[in-house]
Amino acid sequence: MSKFLEQINSPADVKRLSVPELKELAEEIRQFILDSVSKTGGHLASNLGVVELTLALHCVFDFKKDMLVWDVGHQCYTHKIITGRREKFTRLRHSDGISGFPNPAESPYDKFTVGHAGTSIATAIGLALAEQLKNKNEKDTAENEAGDESKIVAVVGDASIVNGTSFEALNNLGLLKRQLLIVLNDNSMAIDATVGAVAKYFSRVRLSQTYEGLRKTTSNILEHMPVIGKSVDQTLERIKQSIRMVLPASQMFESLHIPYFGPVDGHDIGSLIDLFEAMGELNHPAILHVYTKKGKGFHPADQGPSKFHSTGPFKINGDRIERAVGPGRHSFTKAFGEHLTELADSNEKIVAITSAMCDGTGLMEFRKKFPDRFYDVGIAESAAVDVAAGMAKNGLKPVVCIYSTFLQRSFDQIFQEVALQNLPVIFCVDRAGFVGSDGPTHHGLMDIGFLRMMPNLVLTAPANDIEMKLALEFALNEDKPVVIRYPKDIVPPKEFVRAACSKPFKLGKGVTVRRSKRSAVTVVCYGSVLTEALKAAALLSEEKISIDVVNARFAAPVDEKIVSLLEKGKSLVTVEDHAVACGFGSAVLELAAEKGFSTESIRLLGAPRRLIGHDTRDVQLTEAGANAEKIAETVRKILKI
């Protein structure tokens, strides 16, 4: 039975607690998060690390009036728990439960829906500029009395400070003539270990612990603090216990004329409260560097935080955890990693590049076996693409492994540096299509649309494990850029893998995996939804209805034989794990129109042009009409049965 947590229904309840009571509450929340995520799955390690930080922020600020903007919003669990959503954690990331990310539709305490890194400082600047302008326009009104304006806090975490957008935003802080607090939550981790020069810089900062450094840093804080009475002196006494930095280490931010303080212990809630109270009175932007421990309080997550970045349900057995493992079945991601590592054995030109997602993209074994051919650029997807372009130009075979939702951030680089130059970069697009419980911030429903419009890019999608290797072999032999997309899902069991899937990939050529002389409808699939089409064919065969099933393999270029079926009087049903708008089905429609065929006999199944919420992947496929039952239903409608 919790002593304090059950009494917390709003931040006002948090504000009433003493520092010792807040420490107890922090441990109760940490246990609550662990218990909840073990049942529902979710982002565990990062949330265990920001409990005290979040409580301290809510103790000092009033985020109904003040504004809190999260970066990489999966750190928000404590924030949600204390803003009236504790009881909804039993359905965390389920269809009738709360999102795992900030969501303004859930609560006025959530300012933005956030799921990508590097956004918080820029959006906070926008909020602050709007406040600044409103206050200027209302300077003669009572509402604009000194100290009445909203305070704004941006929490930057999981190494998203290295993202280019973060630095672009920092470069624009000079636009502000008012308060803005940037809390740099440094847990020395992104999703995987933080890499790069900035990460090494912060590592040096964390190791600086001299007494002289403490004196200089506290003096530095005094210079920047406004005169607010005795509380500053009291604050400084406590700050001395938590600040760990020599003054010269602040030069990176100071060179941008940004007042910088820290790093401070992100788990010392009393010092954090004192700091936030003092820094909330500043009349200009400032950065507070806070050091937290990702996975704090749970030994397995503490020792292996990247494994607990986002986890499914699990059972706790002492200091060990037990996860459910399917018998003999593995994911598309794992299949990709195994095949790429195998192919790299005989091809020294193969290099792998990722953006802080080594484990998530299945590259752990590749990194272990070929450390000199593996590159993690951190949360910098645009840079990853440009680095790959340079490698390809100089004779290597770069394989860029990024989730579909994050690859969207590299649109211009893919066009300018890869498509325009026609360079043989291979894009392995993980988490393509519906992603289940992560929801709309992480669905990969746009990659076909924004990639197939680019000249020179070849778009392909393997339907199973066998085709994954064939697609990689095809891509490595092409002298042009190739995109391979695949879902966050297990590979289909053997009964759904047809002999035609073993044929080598040929540019712009699909394969027929099921044919019947009596069929009037051909279902054309792109990628892993082939399994759903084969299930639909089995359902319909029980009703004495025959259909043909084609595995398209390519969305650019589309196999012309597909639209030639219209000449034979066939109706076509295209199926994809992607938005209908601009997707594979749209490509088929465009080709049919180009060849002069009527498009009246073509039906497209895929995601509608609206946001699809967090749920299981199966439910999301059903909502998009891309599952077996919906395919069968569409066929019946065409045949008027």
# chains A, B, ... in the order shown; residues from 1 in each chain; ligands from 1

$ residues_around --residues "range 399-414 of chain A" --least-positions-apart "2" --cutoff "7 Å" --atoms "only C-alpha atoms" --output "count of residues only"
27

$ residues_around --residues "range 630-632 of chain A" --least-positions-apart "6" --cutoff "9 Å" --atoms "only C-alpha atoms" --output "ChimeraX atom specification"
/A:523,532-533,535-537,539-540,573,575,605,622,624

$ write_last_selection --atoms "N, CA and C atoms" --output "short mmCIF file (atom, residue, chain, number, x, y, z; two decimals), in the first residue's frame"
data_model
loop_
_atom_site.label_atom_id
_atom_site.label_comp_id
_atom_site.auth_asym_id
_atom_site.auth_seq_id
_atom_site.Cartn_x
_atom_site.Cartn_y
_atom_site.Cartn_z
N VAL A 523 -5.60 -10.23 -55.98
CA VAL A 523 -5.17 -9.43 -54.84
C VAL A 523 -3.66 -9.22 -54.96
N GLU A 532 -1.63 -11.86 -45.07
CA GLU A 532 -3.06 -11.60 -44.92
C GLU A 532 -3.83 -11.97 -46.18
N ALA A 533 -3.24 -11.73 -47.33
CA ALA A 533 -3.91 -12.09 -48.59
C ALA A 533 -4.05 -13.60 -48.73
N LYS A 535 -4.25 -15.70 -46.23
CA LYS A 535 -5.30 -16.08 -45.29
C LYS A 535 -6.69 -15.80 -45.88
N ALA A 536 -6.81 -14.64 -46.56
CA ALA A 536 -8.09 -14.30 -47.20
C ALA A 536 -8.44 -15.30 -48.28
N ALA A 537 -7.44 -15.72 -49.05
CA ALA A 537 -7.68 -16.71 -50.11
C ALA A 537 -8.20 -18.02 -49.51
N LEU A 539 -9.88 -18.30 -46.65
CA LEU A 539 -11.25 -18.05 -46.20
C LEU A 539 -12.23 -18.15 -47.36
N LEU A 540 -11.86 -17.52 -48.48
CA LEU A 540 -12.76 -17.49 -49.64
C LEU A 540 -12.89 -18.86 -50.30
N VAL A 573 -7.28 -5.80 -56.38
CA VAL A 573 -7.34 -5.28 -55.02
C VAL A 573 -5.91 -5.13 -54.54
N VAL A 575 -3.17 -4.21 -51.60
CA VAL A 575 -3.13 -4.26 -50.14
C VAL A 575 -1.75 -3.81 -49.68
N LEU A 605 -6.66 -0.99 -50.60
CA LEU A 605 -6.79 -1.23 -49.16
C LEU A 605 -5.51 -0.76 -48.46
N THR A 622 -6.66 -4.14 -39.19
CA THR A 622 -8.10 -4.29 -39.42
C THR A 622 -8.74 -2.94 -39.73
N ALA A 624 -7.39 -0.46 -41.06
CA ALA A 624 -6.95 -0.01 -42.38
C ALA A 624 -7.52 -0.88 -43.50
#

$ atom_distance --atom1 "CA of Asp438 in chain A" --atom2 "CA of His94 in chain A"
9.4 Å

$ residues_around --residues "Pro102 in chain A" --least-positions-apart "4" --cutoff "6 Å" --atoms "only C-alpha atoms" --output "list of chain:residue names"
A:Gly73, A:Asp110, A:Thr113, A:Val114

$ select_by_dssp --residues "range 450-595 of chain A" --states "strand (DSSP E)" --output "VMD selection string"
chain A and resid 458 to 460 482 to 485 511 to 514 521 to 526 548 to 551 554 to 556 571 to 579

$ select_by_dssp --residues "range 42-94 of chain A" --states "helix (DSSP H, G or I)" --output "PyMOL selection string"
chain A and resi 45-49+51-60+73-75+77-91

$ closest_residue --among "A:Ala471, A:Asn9, A:Pro481, A:Met454" --to "Ser502 in chain A" --atoms "only C-alpha atoms"
A:Ala471

$ residues_around --residues "Lys494 in chain A" --least-positions-apart "3" --cutoff "10 Å" --atoms "only C-alpha atoms" --output "PDB file with all heavy atoms, in the first residue's frame"
ATOM      1  N   ASN A 464       8.722 -11.916 -46.375  1.00  0.00           N
ATOM      2  CA  ASN A 464       9.077 -12.910 -45.366  1.00  0.00           C
ATOM      3  C   ASN A 464      10.599 -12.970 -45.207  1.00  0.00           C
ATOM      4  O   ASN A 464      11.329 -12.177 -45.821  1.00  0.00           O
ATOM      5  CB  ASN A 464       8.510 -14.285 -45.746  1.00  0.00           C
ATOM      6  CG  ASN A 464       8.800 -14.630 -47.200  1.00  0.00           C
ATOM      7  OD1 ASN A 464       9.950 -14.576 -47.640  1.00  0.00           O
ATOM      8  ND2 ASN A 464       7.754 -14.963 -47.951  1.00  0.00           N
ATOM      9  N   ASP A 465      11.059 -13.908 -44.407  1.00  0.00           N
ATOM     10  CA  ASP A 465      12.483 -14.048 -44.117  1.00  0.00           C
ATOM     11  C   ASP A 465      13.288 -14.352 -45.379  1.00  0.00           C
ATOM     12  O   ASP A 465      14.352 -13.765 -45.621  1.00  0.00           O
ATOM     13  CB  ASP A 465      12.661 -15.173 -43.083  1.00  0.00           C
ATOM     14  CG  ASP A 465      14.081 -15.260 -42.545  1.00  0.00           C
ATOM     15  OD1 ASP A 465      14.980 -14.578 -43.072  1.00  0.00           O
ATOM     16  OD2 ASP A 465      14.298 -16.013 -41.574  1.00  0.00           O
ATOM     17  N   VAL A 491       8.276 -12.709 -38.552  1.00  0.00           N
ATOM     18  CA  VAL A 491       8.203 -13.191 -39.928  1.00  0.00           C
ATOM     19  C   VAL A 491       7.111 -14.265 -40.010  1.00  0.00           C
ATOM     20  O   VAL A 491       6.825 -14.944 -39.018  1.00  0.00           O
ATOM     21  CB  VAL A 491       9.551 -13.760 -40.409  1.00  0.00           C
ATOM     22  CG1 VAL A 491      10.606 -12.672 -40.437  1.00  0.00           C
ATOM     23  CG2 VAL A 491      10.009 -14.922 -39.533  1.00  0.00           C
ATOM     24  N   VAL A 497       4.635 -19.169 -46.672  1.00  0.00           N
ATOM     25  CA  VAL A 497       5.748 -18.837 -47.569  1.00  0.00           C
ATOM     26  C   VAL A 497       5.664 -19.746 -48.790  1.00  0.00           C
ATOM     27  O   VAL A 497       5.750 -20.962 -48.675  1.00  0.00           O
ATOM     28  CB  VAL A 497       7.109 -19.013 -46.859  1.00  0.00           C
ATOM     29  CG1 VAL A 497       8.254 -18.682 -47.819  1.00  0.00           C
ATOM     30  CG2 VAL A 497       7.183 -18.138 -45.620  1.00  0.00           C
ATOM     31  N   ARG A 498       5.443 -19.151 -49.956  1.00  0.00           N
ATOM     32  CA  ARG A 498       5.276 -19.917 -51.194  1.00  0.00           C
ATOM     33  C   ARG A 498       6.593 -20.057 -51.950  1.00  0.00           C
ATOM     34  O   ARG A 498       7.518 -19.257 -51.782  1.00  0.00           O
ATOM     35  CB  ARG A 498       4.245 -19.236 -52.087  1.00  0.00           C
ATOM     36  CG  ARG A 498       2.847 -19.186 -51.476  1.00  0.00           C
ATOM     37  CD  ARG A 498       2.285 -20.609 -51.306  1.00  0.00           C
ATOM     38  NE  ARG A 498       0.907 -20.613 -50.856  1.00  0.00           N
ATOM     39  CZ  ARG A 498       0.521 -20.748 -49.602  1.00  0.00           C
ATOM     40  NH1 ARG A 498       1.433 -20.887 -48.650  1.00  0.00           N
ATOM     41  NH2 ARG A 498      -0.754 -20.763 -49.282  1.00  0.00           N
TER      42      ARG A 498
END

$ closest_residue --among "A:Leu272, A:Val580, A:Val458, A:Ala117" --to "Asp479 in chain A" --atoms "only C-alpha atoms"
A:Val458

$ atom_distance --atom1 "CA of Leu472 in chain A" --atom2 "CA of Asn627 in chain A"
26.5 Å

$ residues_around --residues "Arg603 in chain A" --least-positions-apart "5" --cutoff "9 Å" --atoms "only C-alpha atoms" --output "ChimeraX atom specification"
/A:571-575,585,634,638

$ residues_around --residues "range 557-561 of chain A" --least-positions-apart "5" --cutoff "8 Å" --atoms "only C-alpha atoms" --output "list in words"
Val458, Leu459, Leu507, Gly508, Lys509, Gly510, Ala552, Ala587, Val588 and Leu591 of chain A

$ write_last_selection --atoms "all heavy atoms" --output "PDB file, in the first residue's frame"
ATOM      1  N   VAL A 458      14.712   2.981 -56.009  1.00  0.00           N
ATOM      2  CA  VAL A 458      13.982   1.726 -56.188  1.00  0.00           C
ATOM      3  C   VAL A 458      13.382   1.355 -54.839  1.00  0.00           C
ATOM      4  O   VAL A 458      14.081   1.340 -53.826  1.00  0.00           O
ATOM      5  CB  VAL A 458      14.915   0.608 -56.679  1.00  0.00           C
ATOM      6  CG1 VAL A 458      14.169  -0.730 -56.725  1.00  0.00           C
ATOM      7  CG2 VAL A 458      15.491   0.952 -58.044  1.00  0.00           C
ATOM      8  N   LEU A 459      12.087   1.070 -54.824  1.00  0.00           N
ATOM      9  CA  LEU A 459      11.399   0.717 -53.578  1.00  0.00           C
ATOM     10  C   LEU A 459      10.967  -0.738 -53.611  1.00  0.00           C
ATOM     11  O   LEU A 459      10.252  -1.158 -54.538  1.00  0.00           O
ATOM     12  CB  LEU A 459      10.160   1.598 -53.366  1.00  0.00           C
ATOM     13  CG  LEU A 459      10.349   2.939 -52.657  1.00  0.00           C
ATOM     14  CD1 LEU A 459      11.284   3.845 -53.454  1.00  0.00           C
ATOM     15  CD2 LEU A 459       9.018   3.621 -52.442  1.00  0.00           C
ATOM     16  N   LEU A 507      14.472  -6.348 -60.964  1.00  0.00           N
ATOM     17  CA  LEU A 507      13.988  -4.972 -60.894  1.00  0.00           C
ATOM     18  C   LEU A 507      12.598  -4.825 -61.503  1.00  0.00           C
ATOM     19  O   LEU A 507      12.374  -5.157 -62.664  1.00  0.00           O
ATOM     20  CB  LEU A 507      14.964  -4.035 -61.608  1.00  0.00           C
ATOM     21  CG  LEU A 507      14.590  -2.549 -61.593  1.00  0.00           C
ATOM     22  CD1 LEU A 507      14.549  -2.013 -60.169  1.00  0.00           C
ATOM     23  CD2 LEU A 507      15.574  -1.750 -62.447  1.00  0.00           C
ATOM     24  N   GLY A 508      11.638  -4.346 -60.686  1.00  0.00           N
ATOM     25  CA  GLY A 508      10.299  -4.060 -61.174  1.00  0.00           C
ATOM     26  C   GLY A 508       9.478  -5.275 -61.527  1.00  0.00           C
ATOM     27  O   GLY A 508       8.515  -5.168 -62.285  1.00  0.00           O
ATOM     28  N   LYS A 509       9.792  -6.439 -60.957  1.00  0.00           N
ATOM     29  CA  LYS A 509       9.062  -7.670 -61.268  1.00  0.00           C
ATOM     30  C   LYS A 509       8.491  -8.294 -60.003  1.00  0.00           C
ATOM     31  O   LYS A 509       9.202  -8.531 -59.029  1.00  0.00           O
ATOM     32  CB  LYS A 509       9.970  -8.691 -61.964  1.00  0.00           C
ATOM     33  CG  LYS A 509      10.574  -8.196 -63.273  1.00  0.00           C
ATOM     34  CD  LYS A 509       9.505  -7.918 -64.316  1.00  0.00           C
ATOM     35  CE  LYS A 509      10.117  -7.416 -65.626  1.00  0.00           C
ATOM     36  NZ  LYS A 509       9.083  -7.045 -66.622  1.00  0.00           N
ATOM     37  N   GLY A 510       7.179  -8.564 -60.040  1.00  0.00           N
ATOM     38  CA  GLY A 510       6.541  -9.264 -58.948  1.00  0.00           C
ATOM     39  C   GLY A 510       6.481 -10.749 -59.225  1.00  0.00           C
ATOM     40  O   GLY A 510       6.954 -11.230 -60.271  1.00  0.00           O
ATOM     41  N   ALA A 552       3.837  -8.203 -55.135  1.00  0.00           N
ATOM     42  CA  ALA A 552       4.332  -7.174 -56.053  1.00  0.00           C
ATOM     43  C   ALA A 552       5.831  -6.940 -55.923  1.00  0.00           C
ATOM     44  O   ALA A 552       6.498  -6.588 -56.897  1.00  0.00           O
ATOM     45  CB  ALA A 552       3.592  -5.861 -55.814  1.00  0.00           C
ATOM     46  N   ALA A 587       0.328   4.019 -56.753  1.00  0.00           N
ATOM     47  CA  ALA A 587       1.284   3.795 -57.840  1.00  0.00           C
ATOM     48  C   ALA A 587       0.679   2.896 -58.927  1.00  0.00           C
ATOM     49  O   ALA A 587       0.889   3.119 -60.124  1.00  0.00           O
ATOM     50  CB  ALA A 587       2.560   3.172 -57.293  1.00  0.00           C
ATOM     51  N   VAL A 588      -0.089   1.887 -58.498  1.00  0.00           N
ATOM     52  CA  VAL A 588      -0.768   1.010 -59.463  1.00  0.00           C
ATOM     53  C   VAL A 588      -1.805   1.795 -60.255  1.00  0.00           C
ATOM     54  O   VAL A 588      -1.905   1.659 -61.487  1.00  0.00           O
ATOM     55  CB  VAL A 588      -1.415  -0.189 -58.737  1.00  0.00           C
ATOM     56  CG1 VAL A 588      -2.285  -1.004 -59.701  1.00  0.00           C
ATOM     57  CG2 VAL A 588      -0.332  -1.079 -58.113  1.00  0.00           C
ATOM     58  N   LEU A 591      -0.041   3.954 -62.845  1.00  0.00           N
ATOM     59  CA  LEU A 591       0.470   3.176 -63.978  1.00  0.00           C
ATOM     60  C   LEU A 591      -0.667   2.743 -64.896  1.00  0.00           C
ATOM     61  O   LEU A 591      -0.538   2.786 -66.127  1.00  0.00           O
ATOM     62  CB  LEU A 591       1.241   1.955 -63.463  1.00  0.00           C
ATOM     63  CG  LEU A 591       1.867   1.060 -64.540  1.00  0.00           C
ATOM     64  CD1 LEU A 591       2.884   1.837 -65.378  1.00  0.00           C
ATOM     65  CD2 LEU A 591       2.531  -0.165 -63.891  1.00  0.00           C
TER      66      LEU A 591
END
